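Presented below is the structure to which this report refers.
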Amino acid sequence: MQGVAVHDLARTALESVKVEEQHMSKLRVQSFGVSIDGYGAGPNQDLEHPLGTTGPELMEWFFPTRLWREMHGHHDGENGVDNGFAEQGFANIGAWILGRNMFGPVRGPWLDESWKGWWGDEPPYHVPVFVLTHHARAPLEMKGGTTFHFVTDGIHAALERAKAAASGRDVRLGGGVATVREYLLAGLVDELHLAVRPLLLGAGEHLWRDLDMRALGYECEKRVEGERATHVFLRRRTG
Ligand SMILES: NC(=O)c1ccc[n+]([C@@H]2O[C@H](COP(=O)([O-])OP(=O)(O)OC[C@H]3O[C@@H](n4cnc5c(N)ncnc54)[C@H](OP(=O)(O)O)[C@@H]3O)[C@@H](O)[C@H]2O)c1
């Protein structure tokens, strides 16, 4: 009898530690490329243009980094400020959340299970990834620890599941633009790292349209000049 009570106590204590860990875990947007006119993706995304036609210009700060080059099997990447922030984006991340368009160009109901993301057999996540969609699909287990889970019951459910899967580590909100906007509007993003590129995109998916970030409680914390982008850190004001 006493044994059962001790066991129950231990379980309750463990559960409260887990709840506390989940509470401390942050929702972070990292390395999000944005033009100075506020676009986070180019227009007309399709199979040949994952970031939209002009979108790669937003990520030209990332492509020369050591992190990106090593992800693609090369050992000649740059190890500067941009690389440091790119690497920081993967540190202490226990789960990701993506929108369905970041996962792929397929729209509407899944016709079959053939689309498995842009990233090949071994995606660069290596943790559970929760993909928001209106179209249910079975979880997809990939090589290297990435499993894509398709979440059809909204942003709060996705965050809850991601935090549980992250076991105290942070959750990275990968994008795309619509998904980041939804979480910002709901005041759920704790930290937002933007890699601001010195260019005008003119068209595409706009990050800030009709969003009053100040009223939503965000402030600029710091700015650091990198080789090909200015790194701007926003966070939610506390108190
Ligand atoms: N600048 C960067 O650093 C960066 C980073 C990541 C991605 N991107 C780019 O951003 C673009 C994609 O952004 P996007 O704004 O087009 O789309 P997105 O945010 O990736 O996905 C939007 C879609 O996700 C699903 N979804 C979102 N919220 C949902 C909810 N609450 N409930 C159910 N489903 C929900 C819906 O798909 P369905 O209704 O079809 O299911 C919706 O149309 C891509 O070009 C990508 O490459 C840029």
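Scheme for the structure tokens: letters A, B, ... for chains in order shown; per-chain residue numbers from 1; ligand numbers from 1 in order shown.
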DSSP-assigned strand (DSSP E or B) members of stretch 13-128 of chain A, reported as an NGL selection string: :A and (27-35 or 39-41 or 46 or 49 or 65 or 78 or 93-99 or 128)
Any chance you could export the current selection's N, CA and C atoms as a PDB file, in the first residue's frame?
```
ATOM      1  N   LEU A  27       9.307  28.862 -27.816  1.00  0.00           N
ATOM      2  CA  LEU A  27       8.997  28.740 -29.242  1.00  0.00           C
ATOM      3  C   LEU A  27       9.852  29.780 -29.966  1.00  0.00           C
ATOM      4  N   ARG A  28      10.787  29.297 -30.803  1.00  0.00           N
ATOM      5  CA  ARG A  28      11.769  30.191 -31.445  1.00  0.00           C
ATOM      6  C   ARG A  28      11.651  30.153 -32.958  1.00  0.00           C
ATOM      7  N   VAL A  29      11.595  31.341 -33.547  1.00  0.00           N
ATOM      8  CA  VAL A  29      11.803  31.452 -35.002  1.00  0.00           C
ATOM      9  C   VAL A  29      13.273  31.807 -35.172  1.00  0.00           C
ATOM     10  N   GLN A  30      13.963  31.089 -36.018  1.00  0.00           N
ATOM     11  CA  GLN A  30      15.416  31.316 -36.183  1.00  0.00           C
ATOM     12  C   GLN A  30      15.763  31.416 -37.653  1.00  0.00           C
ATOM     13  N   SER A  31      16.757  32.228 -37.929  1.00  0.00           N
ATOM     14  CA  SER A  31      17.333  32.282 -39.283  1.00  0.00           C
ATOM     15  C   SER A  31      16.277  32.535 -40.336  1.00  0.00           C
ATOM     16  N   PHE A  32      15.286  33.344 -39.991  1.00  0.00           N
ATOM     17  CA  PHE A  32      14.200  33.580 -40.942  1.00  0.00           C
ATOM     18  C   PHE A  32      14.604  34.724 -41.873  1.00  0.00           C
ATOM     19  N   GLY A  33      14.834  34.393 -43.118  1.00  0.00           N
ATOM     20  CA  GLY A  33      15.280  35.377 -44.099  1.00  0.00           C
ATOM     21  C   GLY A  33      14.144  36.318 -44.480  1.00  0.00           C
ATOM     22  N   VAL A  34      14.443  37.607 -44.454  1.00  0.00           N
ATOM     23  CA  VAL A  34      13.407  38.583 -44.816  1.00  0.00           C
ATOM     24  C   VAL A  34      14.051  39.738 -45.579  1.00  0.00           C
ATOM     25  N   SER A  35      13.328  40.244 -46.579  1.00  0.00           N
ATOM     26  CA  SER A  35      13.842  41.385 -47.350  1.00  0.00           C
ATOM     27  C   SER A  35      13.539  42.664 -46.577  1.00  0.00           C
ATOM     28  N   TYR A  39       9.309  40.831 -47.096  1.00  0.00           N
ATOM     29  CA  TYR A  39       8.883  39.535 -47.650  1.00  0.00           C
ATOM     30  C   TYR A  39       9.722  38.385 -47.082  1.00  0.00           C
ATOM     31  N   GLY A  40       9.023  37.289 -46.775  1.00  0.00           N
ATOM     32  CA  GLY A  40       9.698  36.102 -46.237  1.00  0.00           C
ATOM     33  C   GLY A  40       9.716  34.954 -47.228  1.00  0.00           C
ATOM     34  N   ALA A  41       9.129  35.145 -48.389  1.00  0.00           N
ATOM     35  CA  ALA A  41       9.173  34.154 -49.479  1.00  0.00           C
ATOM     36  C   ALA A  41       8.839  34.879 -50.767  1.00  0.00           C
ATOM     37  N   ASP A  46       6.642  26.542 -56.475  1.00  0.00           N
ATOM     38  CA  ASP A  46       6.306  25.269 -57.127  1.00  0.00           C
ATOM     39  C   ASP A  46       7.475  24.311 -56.914  1.00  0.00           C
ATOM     40  N   HIS A  49      10.783  25.768 -57.425  1.00  0.00           N
ATOM     41  CA  HIS A  49      11.064  26.991 -56.656  1.00  0.00           C
ATOM     42  C   HIS A  49      10.473  26.861 -55.251  1.00  0.00           C
ATOM     43  N   THR A  65      27.481  29.475 -45.765  1.00  0.00           N
ATOM     44  CA  THR A  65      27.917  29.146 -44.392  1.00  0.00           C
ATOM     45  C   THR A  65      28.430  27.714 -44.305  1.00  0.00           C
ATOM     46  N   GLU A  78      31.945  29.021 -44.947  1.00  0.00           N
ATOM     47  CA  GLU A  78      32.483  30.145 -44.170  1.00  0.00           C
ATOM     48  C   GLU A  78      32.066  30.012 -42.708  1.00  0.00           C
ATOM     49  N   ILE A  93      17.155  22.419 -29.810  1.00  0.00           N
ATOM     50  CA  ILE A  93      15.838  22.300 -30.445  1.00  0.00           C
ATOM     51  C   ILE A  93      15.380  20.838 -30.339  1.00  0.00           C
ATOM     52  N   GLY A  94      14.206  20.640 -29.744  1.00  0.00           N
ATOM     53  CA  GLY A  94      13.711  19.268 -29.553  1.00  0.00           C
ATOM     54  C   GLY A  94      12.574  18.893 -30.489  1.00  0.00           C
ATOM     55  N   ALA A  95      12.040  19.868 -31.205  1.00  0.00           N
ATOM     56  CA  ALA A  95      10.952  19.593 -32.161  1.00  0.00           C
ATOM     57  C   ALA A  95      10.776  20.833 -33.037  1.00  0.00           C
ATOM     58  N   TRP A  96      10.181  20.629 -34.195  1.00  0.00           N
ATOM     59  CA  TRP A  96       9.916  21.741 -35.121  1.00  0.00           C
ATOM     60  C   TRP A  96       8.424  21.794 -35.425  1.00  0.00           C
ATOM     61  N   ILE A  97       7.980  22.988 -35.829  1.00  0.00           N
ATOM     62  CA  ILE A  97       6.630  23.152 -36.396  1.00  0.00           C
ATOM     63  C   ILE A  97       6.799  23.813 -37.769  1.00  0.00           C
ATOM     64  N   LEU A  98       6.146  23.251 -38.772  1.00  0.00           N
ATOM     65  CA  LEU A  98       6.169  23.825 -40.131  1.00  0.00           C
ATOM     66  C   LEU A  98       4.738  23.982 -40.635  1.00  0.00           C
ATOM     67  N   GLY A  99       4.566  24.922 -41.562  1.00  0.00           N
ATOM     68  CA  GLY A  99       3.320  24.977 -42.319  1.00  0.00           C
ATOM     69  C   GLY A  99       3.398  24.012 -43.488  1.00  0.00           C
ATOM     70  N   PRO A 128      11.250  15.170 -33.974  1.00  0.00           N
ATOM     71  CA  PRO A 128       9.886  15.207 -34.520  1.00  0.00           C
ATOM     72  C   PRO A 128       9.546  16.576 -35.122  1.00  0.00           C
TER      73      PRO A 128
END
```
Give me, as CSV, each residue of chain A that comes within 6 Å of ligand 1, together with its shortest interatomic pair and the distance in Å at one decimal, counting only C-alpha atoms and all ligand atoms, with rows ordered by chain and rising residue number.
```
residue,atom,partner,partner_atom_place_in_ligand_line,distance
A:Ser31,CA,ligand 1,3 (O),6.0
A:Phe32,CA,ligand 1,3 (O),3.4
A:Gly33,CA,ligand 1,1 (N),3.9
A:Val34,CA,ligand 1,1 (N),5.5
A:Gly40,CA,ligand 1,1 (N),4.0
A:Ala41,CA,ligand 1,9 (C),4.8
A:Gln45,CA,ligand 1,45 (O),5.5
A:Pro50,CA,ligand 1,47 (O),4.9
A:Leu51,CA,ligand 1,45 (O),3.4
A:Gly52,CA,ligand 1,45 (O),4.9
A:Gly99,CA,ligand 1,21 (O),3.5
A:Arg100,CA,ligand 1,24 (O),3.9
A:Asn101,CA,ligand 1,20 (O),3.7
A:Met102,CA,ligand 1,20 (O),3.8
A:Arg107,CA,ligand 1,40 (O),4.9
A:Gly108,CA,ligand 1,40 (O),5.3
A:Leu132,CA,ligand 1,35 (C),4.5
A:Thr133,CA,ligand 1,41 (O),3.2
A:His134,CA,ligand 1,41 (O),3.8
A:His135,CA,ligand 1,41 (O),5.2
A:Thr152,CA,ligand 1,33 (C),5.2
A:Gly154,CA,ligand 1,31 (N),4.0
A:Ile155,CA,ligand 1,31 (N),4.9
A:Gly174,CA,ligand 1,6 (C),5.4
A:Gly175,CA,ligand 1,6 (C),4.0
A:Gly176,CA,ligand 1,13 (O),3.3
A:Val177,CA,ligand 1,15 (O),3.7
A:Ala178,CA,ligand 1,15 (O),3.6
A:Thr179,CA,ligand 1,19 (O),3.8
A:Glu205,CA,ligand 1,15 (O),5.9
```
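Proximity of A:Arg214, A:His149, A:His75, A:Arg228 to A:Arg161, computed with only C-alpha atoms, is greatest for A:His149.
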Top pick for closest residue to A:Asp170, considering A:Glu221, A:Glu70, A:Asp190, A:Asp153 and counting only C-alpha atoms: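 Ranked by minimum distance to A:Asp170, first place goes to A:Asp190.
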Straight-line distance linking atom CA of A:Met213 with atom CA of A:Thr230, stated in Å to one decimal: 19.0 Å
For the structure I just gave you, how does DSSP split stretch 43-104 of chain A - specifically, which residues are alpha helix (DSSP H)? Reply as a JSON list (two decimals) with C-alpha atoms, in the first residue's frame.
```
[["chain", "number", "residue", "atom", "x", "y", "z"],
["A", 66, "ARG", "CA", 29.80, 26.15, -43.07],
["A", 67, "LEU", "CA", 26.52, 24.73, -41.76],
["A", 68, "TRP", "CA", 24.79, 24.80, -45.13],
["A", 69, "ARG", "CA", 27.86, 23.55, -47.00],
["A", 70, "GLU", "CA", 28.32, 20.65, -44.57],
["A", 71, "MET", "CA", 24.65, 19.75, -44.88],
["A", 81, "VAL", "CA", 28.90, 35.70, -37.99],
["A", 82, "ASP", "CA", 26.21, 34.39, -40.36],
["A", 83, "ASN", "CA", 27.34, 30.82, -39.76],
["A", 84, "GLY", "CA", 27.29, 31.33, -35.99],
["A", 85, "PHE", "CA", 23.65, 32.40, -36.05],
["A", 86, "ALA", "CA", 22.71, 29.63, -38.47],
["A", 87, "GLU", "CA", 24.22, 27.09, -36.07],
["A", 88, "GLN", "CA", 22.52, 28.69, -33.08],
["A", 100, "ARG", "CA", 2.23, 22.66, -45.07],
["A", 101, "ASN", "CA", 3.68, 24.89, -47.84],
["A", 102, "MET", "CA", 7.11, 24.79, -46.24],
["A", 103, "PHE", "CA", 6.81, 21.01, -46.28]]
```
Shortest interatomic distance to A:Cys220 - which of A:Leu199, A:Leu192, A:Val171, A:Pro124, counting only C-alpha atoms: A:Leu192
Spatial neighbours of A:Asp121, max dist 12 Å, only C-alpha atoms, sep filter under 3 positions, as an NGL selection string: :A and (115-118 or 124-126 or 140-147)
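Using only C-alpha atoms, the shortest contact distance between A:Arg237 and any of A:Leu216, A:Val151, A:Leu58, A:Val224 is found at A:Leu216.
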All residues 12 Å or closer to A:Ala215, only C-alpha atoms, same chain fewer than 2 positions away omitted, as a list in words: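 Residues meeting the cut-off are Leu184, Leu185, Ala186, Gly187, Asp210, Leu211, Asp212, Met213, Gly217, Tyr218, Glu219, Arg236 and Arg237 of chain A.
As for atom CA of A:Pro105 and atom CA of A:Lys26, they are spaced 28.6 Å apart.
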Atomic separation - atom CA of A:Leu47 relative to atom CA of A:Val106, Å: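 These two atoms are separated by 8.7 Å.
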